[in-house]
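Novice: Below you'll find the structure I mean.
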Amino acid sequence: MASNNSDEYTDRASIGESLLCELCHNPFIGPVVTQCGYTYCGACIEPKIRSGSHCPSRSCNQLLTTAHLIINHPTISITDNLKIRCRFCGEPNLNRRTFYKHVKESCPERRMDCLGKDVGCPWSGPKNEHSEHIQMCLFEKLRPMVDGLYKVIKKQTLDIEDLQNQIVQQKVQVQEQIAQLGQTMKPEKVQLEHALKQQKIQFEETVKLEKIQLQEALKQQKIQFEETIKLQKIQLENAQSEIQNQKNEIASIPMLEEDINKLRRAIHGFINISVNATWVQKGVTVAGGKGQGNTTNKLYSPRGLFVDDDQTVVIADMWNHRIIQWKKDGTTNGQIVAGGKGQGNGLNQLNSPTDVLIDKETDSLIICDSENRRVVRWSRRNGTTQGEILIDNIACWGLALDDQKYLYVSETGKHEVRRYQLGEKNGTLVAGGNGQGNGTNQLSSPSHLFVDGQQNIYVSDWNNHRVMKWTKDTKEGIVIAGGQGNGDAPTQLWYPNGLFVDTLGTLYVADTWNNRVMRWTQGAKLGTLIVGGNRQGAGANQLNYPIGLSFDRHGSLYVGDYNNHRVQRFSLE
């Protein structure tokens, strides 16, 4: 690494712009890559990140964290070979990588201080005169006298330690006096304990009343659920009967396939989980977990994910710029199903995908290709080599598809959610769109989405640390989780992401910066910890920046563990 005081670049004008830091305008020193793909000197960018800054590039405004900085080894390899001239001895054409070794070991003109500097010698001169000076230095000759003074100082230090021991003894005496005072205050303690006991009784009575109310609400939900099951069973039986009756009528086959696909979409989202359900706290890694990398047995910062009916997990592998899927159980390697051709904007490429879902009717993937500012569709059929653009010029983050084939997209730049018919370019505003803010008609960087069977929209309002629900065709949403500022209390969320809502209206949310997954029952003021919450880590019972979230039809929870580069499955107990 080069220094500004002892070197200068031999041919500064020939150093390309790609090797210059955008902040200090000098060749990179300790270069690191941010999560948005820009390179800066480590010493230049880290103070900005610690102060909560966004990316300083004029073409990017992403909020940065030091946890995502990656050392840029290719750039280091280039800058280490830049040629430098030593300002001490004039030696030209030194590699920057070996410059310090030259200064320390072989430069005859490097300035050195006298060994007697610690006793007051002011001499400083070139290395080739250092030995001669030491032989003549008066301060070195006075060193025996200085050593005598050191012994006096050492004795005084021991005296100070004796005084400190006396202070410790006095502290013990004071603590004994405090203990005696505690005995005197014992009656007051008894009174306080009695008051606490009364408060506990009142609290238990309140909990008992709320439990009765909750049981009644669950009873009503159960009745509604059973009626819904009965109705859908009748619909399914009618559809099967119609298929049997019209099996030989070729002209009616497309209509029948449409009805079947609608039922499949409805059944996929029809997951009912008890509000008292618990999950095994140690997750099983079903994808990745081998450290970051781009081989098919590794992931690099997974974000959104989707679990198919056969428990195939489809993952937005963000920094590998690809979509990769893992089949159920025991699969060591995943299969790349979209992208994987390097970072780029070609139709066969992706650039930092953040979310993915499956359109069962067309057997295709719909992908939020975030850094290319587009939503694309890739067929799942064998031989597919490129996608098609559905929506262009959109700062997308999250996706959802309802049972009427409407596509919902969160747009972080405009702080809104839009609904599209597939093939439509403009869409209809369904949430937010009133500027960035925390009002009930506003959003701030919306991330992941969920849409239920009534076309109610659930939004992770990322920068407001809350989850909002927009009932169909309303202008304002309601806060159903968080909204109490960032934090780790049961009432709070900290940058929420992945969402899921079951048929009982119970919300599950990836509480990203708290490294946990939380559950909010309908109307609850407090969330319940489901998995994680054991600090940031890579253990089986830990998460590190969880983002994507989904369930399979058995109620198993799948979590995209972003900084652990893996997907974890937590089974119901």
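Here's how to read the names in the structure tokens: chain A, B, ... by the order shown, residue numbers from 1 in each chain, ligand numbers from 1 in the order shown.
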What are the closest atom pairs, with distances in Å to one decimal, for each residue of stretch 257-337 of chain A lying within 7 Å of stretch 343-363 of chain A, using only C-alpha atoms, rows by chain and rising residue number, as a tab-separated table?

Specialist:
residue	atom	partner	partner_atom	distance
A:Asn261	CA	A:Glu361	CA	5.6
A:Arg303	CA	A:Thr354	CA	5.6
A:Gly304	CA	A:Asp355	CA	4.2
A:Leu305	CA	A:Val356	CA	6.1
A:Phe306	CA	A:Leu357	CA	5.6
A:Ile315	CA	A:Val356	CA	7.0
A:Ala316	CA	A:Asp355	CA	5.6
A:Asp317	CA	A:Pro353	CA	6.9
A:Met318	CA	A:Ser352	CA	4.6
A:Trp319	CA	A:Ser352	CA	5.7
A:His321	CA	A:Ser352	CA	5.1
A:Arg322	CA	A:Leu350	CA	6.2

Novice: Using DSSP assignments from the backbone, pull out every residue in stretch 38-133 of chain A that falls under helix (DSSP H, G or I) and give it to me as a PDB file with N, CA and C atoms, in the first residue's frame.

Specialist:
ATOM      1  N   GLY A  42     -11.692   1.328   1.175  1.00  0.00           N
ATOM      2  CA  GLY A  42     -12.302   0.961   2.442  1.00  0.00           C
ATOM      3  C   GLY A  42     -12.325   2.124   3.424  1.00  0.00           C
ATOM      4  N   ALA A  43     -11.199   2.869   3.513  1.00  0.00           N
ATOM      5  CA  ALA A  43     -11.118   3.979   4.463  1.00  0.00           C
ATOM      6  C   ALA A  43     -12.028   5.139   4.065  1.00  0.00           C
ATOM      7  N   CYS A  44     -12.423   5.219   2.789  1.00  0.00           N
ATOM      8  CA  CYS A  44     -13.306   6.305   2.338  1.00  0.00           C
ATOM      9  C   CYS A  44     -14.779   5.984   2.617  1.00  0.00           C
ATOM     10  N   ILE A  45     -15.217   4.732   2.346  1.00  0.00           N
ATOM     11  CA  ILE A  45     -16.649   4.416   2.402  1.00  0.00           C
ATOM     12  C   ILE A  45     -17.123   4.038   3.804  1.00  0.00           C
ATOM     13  N   GLU A  46     -16.240   3.401   4.637  1.00  0.00           N
ATOM     14  CA  GLU A  46     -16.716   2.902   5.925  1.00  0.00           C
ATOM     15  C   GLU A  46     -17.204   4.013   6.859  1.00  0.00           C
ATOM     16  N   PRO A  47     -16.528   5.201   6.961  1.00  0.00           N
ATOM     17  CA  PRO A  47     -17.085   6.273   7.813  1.00  0.00           C
ATOM     18  C   PRO A  47     -18.464   6.725   7.345  1.00  0.00           C
ATOM     19  N   LYS A  48     -18.713   6.742   6.047  1.00  0.00           N
ATOM     20  CA  LYS A  48     -20.023   7.149   5.539  1.00  0.00           C
ATOM     21  C   LYS A  48     -21.088   6.125   5.926  1.00  0.00           C
ATOM     22  N   ILE A  49     -20.738   4.821   5.842  1.00  0.00           N
ATOM     23  CA  ILE A  49     -21.708   3.783   6.207  1.00  0.00           C
ATOM     24  C   ILE A  49     -22.043   3.867   7.695  1.00  0.00           C
ATOM     25  N   ARG A  50     -21.006   4.079   8.538  1.00  0.00           N
ATOM     26  CA  ARG A  50     -21.264   4.148   9.983  1.00  0.00           C
ATOM     27  C   ARG A  50     -22.134   5.345  10.352  1.00  0.00           C
ATOM     28  N   THR A  66     -22.012  -2.068   6.627  1.00  0.00           N
ATOM     29  CA  THR A  66     -20.654  -2.618   6.566  1.00  0.00           C
ATOM     30  C   THR A  66     -20.680  -4.133   6.468  1.00  0.00           C
ATOM     31  N   ALA A  67     -21.798  -4.769   6.908  1.00  0.00           N
ATOM     32  CA  ALA A  67     -21.866  -6.234   6.858  1.00  0.00           C
ATOM     33  C   ALA A  67     -21.818  -6.772   5.436  1.00  0.00           C
ATOM     34  N   HIS A  68     -22.149  -5.919   4.452  1.00  0.00           N
ATOM     35  CA  HIS A  68     -22.220  -6.388   3.075  1.00  0.00           C
ATOM     36  C   HIS A  68     -20.992  -6.010   2.249  1.00  0.00           C
ATOM     37  N   HIS A  73     -10.708  -8.259  -4.592  1.00  0.00           N
ATOM     38  CA  HIS A  73      -9.383  -8.835  -4.850  1.00  0.00           C
ATOM     39  C   HIS A  73      -8.863  -8.566  -6.262  1.00  0.00           C
ATOM     40  N   PRO A  74      -9.706  -8.616  -7.312  1.00  0.00           N
ATOM     41  CA  PRO A  74      -9.163  -8.313  -8.649  1.00  0.00           C
ATOM     42  C   PRO A  74      -8.570  -6.908  -8.741  1.00  0.00           C
ATOM     43  N   THR A  75      -9.228  -5.916  -8.136  1.00  0.00           N
ATOM     44  CA  THR A  75      -8.706  -4.540  -8.179  1.00  0.00           C
ATOM     45  C   THR A  75      -7.413  -4.432  -7.379  1.00  0.00           C
ATOM     46  N   ILE A  76      -7.336  -5.136  -6.234  1.00  0.00           N
ATOM     47  CA  ILE A  76      -6.101  -5.132  -5.436  1.00  0.00           C
ATOM     48  C   ILE A  76      -4.941  -5.679  -6.272  1.00  0.00           C
ATOM     49  N   SER A  77      -5.221  -6.762  -7.030  1.00  0.00           N
ATOM     50  CA  SER A  77      -4.158  -7.359  -7.850  1.00  0.00           C
ATOM     51  C   SER A  77      -3.615  -6.354  -8.863  1.00  0.00           C
ATOM     52  N   ILE A  78      -4.480  -5.500  -9.407  1.00  0.00           N
ATOM     53  CA  ILE A  78      -4.031  -4.512 -10.409  1.00  0.00           C
ATOM     54  C   ILE A  78      -3.273  -3.374  -9.741  1.00  0.00           C
ATOM     55  N   THR A  79      -3.856  -2.798  -8.658  1.00  0.00           N
ATOM     56  CA  THR A  79      -3.231  -1.614  -8.028  1.00  0.00           C
ATOM     57  C   THR A  79      -1.921  -1.977  -7.341  1.00  0.00           C
ATOM     58  N   ARG A  96       3.833  -1.116  -6.089  1.00  0.00           N
ATOM     59  CA  ARG A  96       3.217  -0.597  -4.867  1.00  0.00           C
ATOM     60  C   ARG A  96       3.127  -1.682  -3.784  1.00  0.00           C
ATOM     61  N   ARG A  97       2.981  -2.947  -4.204  1.00  0.00           N
ATOM     62  CA  ARG A  97       2.848  -4.042  -3.249  1.00  0.00           C
ATOM     63  C   ARG A  97       4.101  -4.207  -2.393  1.00  0.00           C
ATOM     64  N   THR A  98       5.300  -3.954  -2.993  1.00  0.00           N
ATOM     65  CA  THR A  98       6.560  -4.190  -2.267  1.00  0.00           C
ATOM     66  C   THR A  98       7.194  -2.906  -1.775  1.00  0.00           C
ATOM     67  N   PHE A  99       6.480  -1.771  -1.880  1.00  0.00           N
ATOM     68  CA  PHE A  99       7.089  -0.478  -1.557  1.00  0.00           C
ATOM     69  C   PHE A  99       7.472  -0.395  -0.078  1.00  0.00           C
ATOM     70  N   TYR A 100       6.569  -0.833   0.823  1.00  0.00           N
ATOM     71  CA  TYR A 100       6.887  -0.734   2.250  1.00  0.00           C
ATOM     72  C   TYR A 100       8.125  -1.549   2.606  1.00  0.00           C
ATOM     73  N   LYS A 101       8.278  -2.730   1.981  1.00  0.00           N
ATOM     74  CA  LYS A 101       9.456  -3.543   2.256  1.00  0.00           C
ATOM     75  C   LYS A 101      10.726  -2.806   1.830  1.00  0.00           C
ATOM     76  N   HIS A 102      10.663  -2.111   0.682  1.00  0.00           N
ATOM     77  CA  HIS A 102      11.812  -1.307   0.231  1.00  0.00           C
ATOM     78  C   HIS A 102      12.150  -0.235   1.262  1.00  0.00           C
ATOM     79  N   VAL A 103      11.136   0.504   1.721  1.00  0.00           N
ATOM     80  CA  VAL A 103      11.387   1.599   2.677  1.00  0.00           C
ATOM     81  C   VAL A 103      11.958   1.052   3.984  1.00  0.00           C
ATOM     82  N   LYS A 104      11.418  -0.075   4.465  1.00  0.00           N
ATOM     83  CA  LYS A 104      11.809  -0.603   5.765  1.00  0.00           C
ATOM     84  C   LYS A 104      13.183  -1.274   5.742  1.00  0.00           C
ATOM     85  N   GLU A 105      13.506  -1.974   4.626  1.00  0.00           N
ATOM     86  CA  GLU A 105      14.696  -2.820   4.647  1.00  0.00           C
ATOM     87  C   GLU A 105      15.861  -2.302   3.793  1.00  0.00           C
ATOM     88  N   SER A 106      15.568  -1.666   2.653  1.00  0.00           N
ATOM     89  CA  SER A 106      16.680  -1.403   1.734  1.00  0.00           C
ATOM     90  C   SER A 106      16.893   0.059   1.371  1.00  0.00           C
ATOM     91  N   LEU A 115      17.847   5.827  18.822  1.00  0.00           N
ATOM     92  CA  LEU A 115      17.343   4.916  19.851  1.00  0.00           C
ATOM     93  C   LEU A 115      17.146   5.630  21.173  1.00  0.00           C
ATOM     94  N   GLY A 116      17.838   6.751  21.335  1.00  0.00           N
ATOM     95  CA  GLY A 116      17.706   7.528  22.572  1.00  0.00           C
ATOM     96  C   GLY A 116      16.587   8.541  22.522  1.00  0.00           C
ATOM     97  N   LYS A 117      15.685   8.434  21.560  1.00  0.00           N
ATOM     98  CA  LYS A 117      14.571   9.378  21.483  1.00  0.00           C
ATOM     99  C   LYS A 117      13.706   9.324  22.731  1.00  0.00           C
ATOM    100  N   ASP A 118      13.562   8.105  23.325  1.00  0.00           N
ATOM    101  CA  ASP A 118      12.715   7.988  24.509  1.00  0.00           C
ATOM    102  C   ASP A 118      13.294   8.691  25.727  1.00  0.00           C
ATOM    103  N   VAL A 119      14.602   9.064  25.661  1.00  0.00           N
ATOM    104  CA  VAL A 119      15.189   9.820  26.783  1.00  0.00           C
ATOM    105  C   VAL A 119      15.548  11.237  26.344  1.00  0.00           C
ATOM    106  N   LYS A 127      19.018   6.508   7.115  1.00  0.00           N
ATOM    107  CA  LYS A 127      19.382   5.204   7.659  1.00  0.00           C
ATOM    108  C   LYS A 127      20.888   4.962   7.594  1.00  0.00           C
ATOM    109  N   ASN A 128      21.559   5.453   6.532  1.00  0.00           N
ATOM    110  CA  ASN A 128      22.989   5.165   6.375  1.00  0.00           C
ATOM    111  C   ASN A 128      23.876   5.971   7.336  1.00  0.00           C
ATOM    112  N   GLU A 129      23.306   6.906   8.116  1.00  0.00           N
ATOM    113  CA  GLU A 129      24.069   7.657   9.120  1.00  0.00           C
ATOM    114  C   GLU A 129      23.682   7.252  10.539  1.00  0.00           C
ATOM    115  N   HIS A 130      22.716   6.319  10.666  1.00  0.00           N
ATOM    116  CA  HIS A 130      22.146   6.001  11.982  1.00  0.00           C
ATOM    117  C   HIS A 130      23.178   5.364  12.918  1.00  0.00           C
ATOM    118  N   SER A 131      23.937   4.385  12.410  1.00  0.00           N
ATOM    119  CA  SER A 131      24.901   3.673  13.272  1.00  0.00           C
ATOM    120  C   SER A 131      25.976   4.620  13.795  1.00  0.00           C
ATOM    121  N   GLU A 132      26.476   5.504  12.939  1.00  0.00           N
ATOM    122  CA  GLU A 132      27.518   6.463  13.351  1.00  0.00           C
ATOM    123  C   GLU A 132      26.999   7.381  14.458  1.00  0.00           C
ATOM    124  N   HIS A 133      25.730   7.809  14.340  1.00  0.00           N
ATOM    125  CA  HIS A 133      25.168   8.704  15.361  1.00  0.00           C
ATOM    126  C   HIS A 133      25.041   7.993  16.711  1.00  0.00           C
TER     127      HIS A 133
END

Novice: So that I can see what lies close to stretch 295-300 of chain A, please list as a list in words the residues with an atom at most 6 Å from it, counting only C-alpha atoms and leaving out residues fewer than 3 positions away in the same chain.

Specialist: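 Near stretch 295-300 of chain A, the qualifying residues are Gly288, Lys290, Gln292, Trp319, Asn320, Asn333, Gly334 and His565 of chain A.
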
Novice: Please produce an output containing C-alpha atoms for each residue in the selection, written as a PDB file, in the first residue's frame.

Specialist:
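Output below, filename result_20.pdb:
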ATOM      1  CA  GLY A 288     -27.019 -23.583   0.162  1.00  0.00           C
ATOM      2  CA  LYS A 290     -21.872 -24.001   2.031  1.00  0.00           C
ATOM      3  CA  GLN A 292     -21.240 -17.770  -0.438  1.00  0.00           C
ATOM      4  CA  TRP A 319     -25.726 -11.599  -5.996  1.00  0.00           C
ATOM      5  CA  ASN A 320     -25.366 -14.633  -8.305  1.00  0.00           C
ATOM      6  CA  ASN A 333     -27.094 -29.190  -5.769  1.00  0.00           C
ATOM      7  CA  GLY A 334     -29.706 -26.812  -7.083  1.00  0.00           C
ATOM      8  CA  HIS A 565     -26.325 -17.835   2.202  1.00  0.00           C
TER       9      HIS A 565
END

Novice: With distances taken over only C-alpha atoms, which residue among A:Ser444, A:Leu493, A:Gly289, A:Val152 lies nearest A:Gly539?

Specialist: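 With only C-alpha atoms as the atom set, the closest residue is A:Gly289.
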
Novice: Using only C-alpha atoms, find the one residue out of A:Gln215, A:Thr285, A:Ser53, A:Thr384 that sits nearest to A:Arg569.

Specialist: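 Using only C-alpha atoms, A:Arg569 sits closest to A:Thr285.
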